[in-house]
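Asks: Before I ask anything, let me first share the structure, which is written out below as C-alpha cells.
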Amino acid sequence: MANSLQHIKDYLRPQLEAMNDIITTTLRSDSALTNEIVANYLKTKGKQLRPIMVLLVGRYCGGINQRVLEGGAAVEMLHNASLIHDDVIDQARERRGLATINSVWDNHVAVLVGDFFVTGALQCAVRTGDSRILEDLAGMGRDLSLGEINQADIARHHIIDEATYMSIISAKTASLFECCAAVGGHAVDANPDELERLKRFARLLGICFQIKDDTFDYYNDPVIGKPTGNDLREGKVTLPLIYALHQTSQPECAAMCELVKQDTLDANQIEQLVEYAKRAGGIDYAYETMRKLKAQADELLDSDNEVTPMLAEIFDYIIDRNM
C-alpha cells in the first residue's frame, strides 16, 4: 500500500513541487537562524497526506489552480506547526528520523518557529483572496485545539466510551482532513453539494487515520518509533481498549475496568491493559470499524470521476500503513 501513495505523489508531482516551492519561499526570512532551522526541518517532507487531499479535491472538482496550491501550502504549514508544538509538549527528541527543533535548540525557539509556520500559513491563505479559505483554516484550528483540551479533560475524569472517543478524534484529527477538502473545493468554487460529500469523505478518512494511529500503541515496533502503551501512559484510552473494557463476558473485564481508572499506571499495569485489549478483540474491532468507515466513504464518491480511485487508494493506504 506504500506504493499506492507513491503512485498518487507521482500523479501530482508537478503540483506538489510547486506547492513545496511556495512553502520554501513563504518561510524565507531575514533571520539566518530561522532560515537554518526551517531548511533543516523541510529536508524531510513526510507523507504530505493533508496537502495531497487539498490537491486531489481541487482536481476532483475542476482542476488545480494557484489558489489550490496556496491552500495546500497553508494546510501543510499549519500541520507542521502543530507537530513542532507537539514535540515540545512531548519532549520528543526525534521526528522523521531527524533531531527535533526543541532537542537541538530549546523549547523557546521551537515554539517560536512553530508560530512562524502559522504566520506563513496565514500568508498563503490571504494570497488566495478567498475569505472562505481563511474561515476553513480558522475553524479547523479551533476544533483541533478544543479536541486536544477536551481529550486531556476526559483523561483526567476517566470517561471511557466509544461515542466520546469518536467525538474527540473527530475534532483533533478529522477536522484537519475535512479542512483540506473544504480548502481544495473552495479554491475552485466547487459545487456546494459535491463539496459537502467530499468533506464528509475527508472526515471519515481522518477518523480512520486516528484509529489506525491509535492501534500502533499496542505494538512495540521500532519502525513506528512509538513505545507500547504511550497513550495509556498519558491517560488516553483508545478504541481497542474501550471496546475490550465493554466485553463483560471476559473474566478479566471488571478488574481491567478498575485498573484503567487509576491516575498513574506503571509499566506492568500498562502491559496488562495492552495485552487484555488484544485478547478481548480490541484490535480486530478497530479494523472492523475502519472497514465500515471506508464503505461509508466510498458511497460518497462519483464513480465516473478520474480522481475517485486515488481518493479510495488513500483510504486503503491509511488502513494498511505501518507507520
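By convention here, the chains of the C-alpha cells are called A, B, ... in the order presented, each chain's residues are numbered starting at 1, and ligands are numbered starting at 1 in the order presented.
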Go through range 122-229 of chain A residue by residue and, counting only C-alpha atoms, keep those with an atom at most 9 Å from range 58-66 of chain A; for each kept residue give the shortest atom pair and its distance in Å to one decimal, ordered by chain and increasing number, as a Markdown table.
Replies:
```
| residue | atom | partner | partner_atom | distance |
| --- | --- | --- | --- | --- |
| A:Thr128 | CA | A:Gln66 | CA | 7.8 |
| A:Ala181 | CA | A:Gly58 | CA | 8.1 |
| A:Val183 | CA | A:Gly58 | CA | 8.3 |
| A:Gly184 | CA | A:Gly58 | CA | 4.5 |
| A:Gly185 | CA | A:Gly58 | CA | 5.5 |
| A:His186 | CA | A:Gly58 | CA | 8.3 |
| A:Ala187 | CA | A:Gly58 | CA | 7.0 |
| A:Val188 | CA | A:Gly58 | CA | 6.2 |
| A:Asp189 | CA | A:Cys61 | CA | 8.2 |
| A:Ala190 | CA | A:Cys61 | CA | 5.6 |
| A:Asn191 | CA | A:Cys61 | CA | 7.7 |
| A:Glu194 | CA | A:Cys61 | CA | 8.0 |
| A:Leu195 | CA | A:Cys61 | CA | 8.0 |
```
Asks: Give me a file of those residues, with C-alpha atoms, as a PDB file, in the first residue's frame.
Replies:
```pdb
ATOM      1  CA  THR A 128      -5.913  33.008  -2.163  1.00  0.00           C
ATOM      2  CA  ALA A 181     -11.379  19.097   1.403  1.00  0.00           C
ATOM      3  CA  VAL A 183      -9.933  24.409   1.110  1.00  0.00           C
ATOM      4  CA  GLY A 184      -9.458  22.416  -2.099  1.00  0.00           C
ATOM      5  CA  GLY A 185     -13.113  22.781  -3.018  1.00  0.00           C
ATOM      6  CA  HIS A 186     -13.442  26.463  -2.192  1.00  0.00           C
ATOM      7  CA  ALA A 187     -10.268  27.230  -4.161  1.00  0.00           C
ATOM      8  CA  VAL A 188     -12.009  26.046  -7.344  1.00  0.00           C
ATOM      9  CA  ASP A 189     -15.528  27.224  -6.435  1.00  0.00           C
ATOM     10  CA  ALA A 190     -16.811  23.666  -6.239  1.00  0.00           C
ATOM     11  CA  ASN A 191     -20.482  22.804  -6.385  1.00  0.00           C
ATOM     12  CA  GLU A 194     -20.431  17.958  -4.183  1.00  0.00           C
ATOM     13  CA  LEU A 195     -18.130  19.681  -1.714  1.00  0.00           C
TER      14      LEU A 195
END
```
Asks: Hey, what's within 9 Å of range 276-279 of chain A if we count only C-alpha atoms and toss same-chain stuff fewer than 5 positions away? As a PyMOL selection string, please?
Replies: chain A and resi 218+240-245+252-253+256+271+284
Asks: What are the nearest atom pairs, with distances in Å to one decimal, for all residues of range 58-79 of chain A that come at most 10 Å from range 35-49 of chain A, using only C-alpha atoms, set out by chain and rising residue number as CSV?
Replies:
```
residue,atom,partner,partner_atom,distance
A:Gly72,CA,A:Gln48,CA,9.6
A:Val75,CA,A:Gln48,CA,9.8
A:Glu76,CA,A:Gln48,CA,7.2
A:His79,CA,A:Gln48,CA,9.4
```
Asks: Excluding Leu144 in chain A and its own-chain neighbours fewer than 3 positions away, which residues fall within 7 Å of it when counting only C-alpha atoms? Please give them as a ChimeraX atom specification.
Replies: /A:140-141,147-148,171-173,175
Asks: Taking the backbone alone, and naming residues the way the document does, which bits of range 36-169 of chain A are strand (DSSP E or B) by DSSP, as a list of chain:residue names?
Replies: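 Listing strand (DSSP E or B) positions across range 36-169 of chain A yields A:Glu94, A:Arg95, A:Leu98, A:Ala99.
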Asks: Would you save the residues of that selection, restricted to N, CA and C atoms, as a PDB file, in the first residue's frame?
Replies:
```
ATOM      1  N   GLU A  94      13.246  13.076  18.452  1.00  0.00           N
ATOM      2  CA  GLU A  94      13.364  12.836  17.011  1.00  0.00           C
ATOM      3  C   GLU A  94      11.998  12.889  16.344  1.00  0.00           C
ATOM      4  N   ARG A  95      11.998  13.296  15.073  1.00  0.00           N
ATOM      5  CA  ARG A  95      10.815  13.203  14.220  1.00  0.00           C
ATOM      6  C   ARG A  95      11.300  12.971  12.799  1.00  0.00           C
ATOM      7  N   LEU A  98      15.038  12.631  12.194  1.00  0.00           N
ATOM      8  CA  LEU A  98      15.928  13.760  12.461  1.00  0.00           C
ATOM      9  C   LEU A  98      15.657  14.322  13.852  1.00  0.00           C
ATOM     10  N   ALA A  99      16.672  14.978  14.415  1.00  0.00           N
ATOM     11  CA  ALA A  99      16.504  15.605  15.721  1.00  0.00           C
ATOM     12  C   ALA A  99      15.448  16.696  15.639  1.00  0.00           C
TER      13      ALA A  99
END
```
Asks: Show which residues sit within 12 Å of Ile211 in chain A, as a ChimeraX atom specification. Count only C-alpha atoms, and ignore same-chain residues fewer than 6 positions away.
Replies: /A:162,165-166,168-170,173-174,204-205,217-218,237-242,282-291,293,318-321
Asks: Kindly indicate which residue among A:Cys124, A:Asn305, A:Gly114, A:Asp10 lies nearest to Thr24 in chain A, using only C-alpha atoms for the distances.
Replies: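 Going through A:Cys124, A:Asn305, A:Gly114, A:Asp10 one by one, the smallest distance to Thr24 in chain A is for A:Cys124.
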Asks: Please measure the separation of CA of Leu176 in chain A and CA of Asn150 in chain A, giving the value in Å to one decimal.
Replies: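 Interatomic distance, CA of Leu176 in chain A to CA of Asn150 in chain A: 16.5 Å.
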Asks: Using only C-alpha atoms, determine which residues lie at most 12 Å from Ser303 in chain A, disregarding the query and same-chain residues fewer than 6 positions distant; provide the list as a list in words.
Replies: Tyr60, Pro309, Met310, Leu311 and Ala312 of chain A
Asks: Would you mind exporting the chosen residues as a PDB file, in the first residue's frame, restricted to C-alpha atoms?
Replies:
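Below is the file that was written, again-v2.pdb:
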```pdb
ATOM      1  CA  TYR A  60     -11.852  16.295  -8.435  1.00  0.00           C
ATOM      2  CA  PRO A 309      -9.665   5.792  -7.485  1.00  0.00           C
ATOM      3  CA  MET A 310      -6.907   7.862  -5.874  1.00  0.00           C
ATOM      4  CA  LEU A 311      -9.117   9.028  -3.023  1.00  0.00           C
ATOM      5  CA  ALA A 312     -10.063   5.385  -2.456  1.00  0.00           C
TER       6      ALA A 312
END
```
Asks: Among the residues of range 56-278 of chain A, find those DSSP assigns to alpha helix (DSSP H) from the backbone and print them as an MDAnalysis selection string.
Replies: chainID A and resid 56:60 66:90 101:104 107:127 131:157 162:169 175:187 192:215 230:233 239:245 253:259 267:278
Asks: Rank nothing, just name the residue among A:Leu301, A:Met77, A:Ile8, A:Leu55 nearest to Ile22 in chain A, using only C-alpha atoms.
Replies: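 Going through A:Leu301, A:Met77, A:Ile8, A:Leu55 one by one, the smallest distance to Ile22 in chain A is for A:Met77.
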Asks: If we count only C-alpha atoms, what is near Ile23 in chain A at a cut-off of 9 Å, once residues fewer than 5 positions away on the same chain are taken out, given as a list of chain:residue names?
Replies: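 Here the qualifying residues turn out to be A:Ala18, A:Arg28, A:Glu70, A:Ala73, A:Ala74, A:Glu76, A:Met77, A:Gly120, A:Ala121, A:Cys124.
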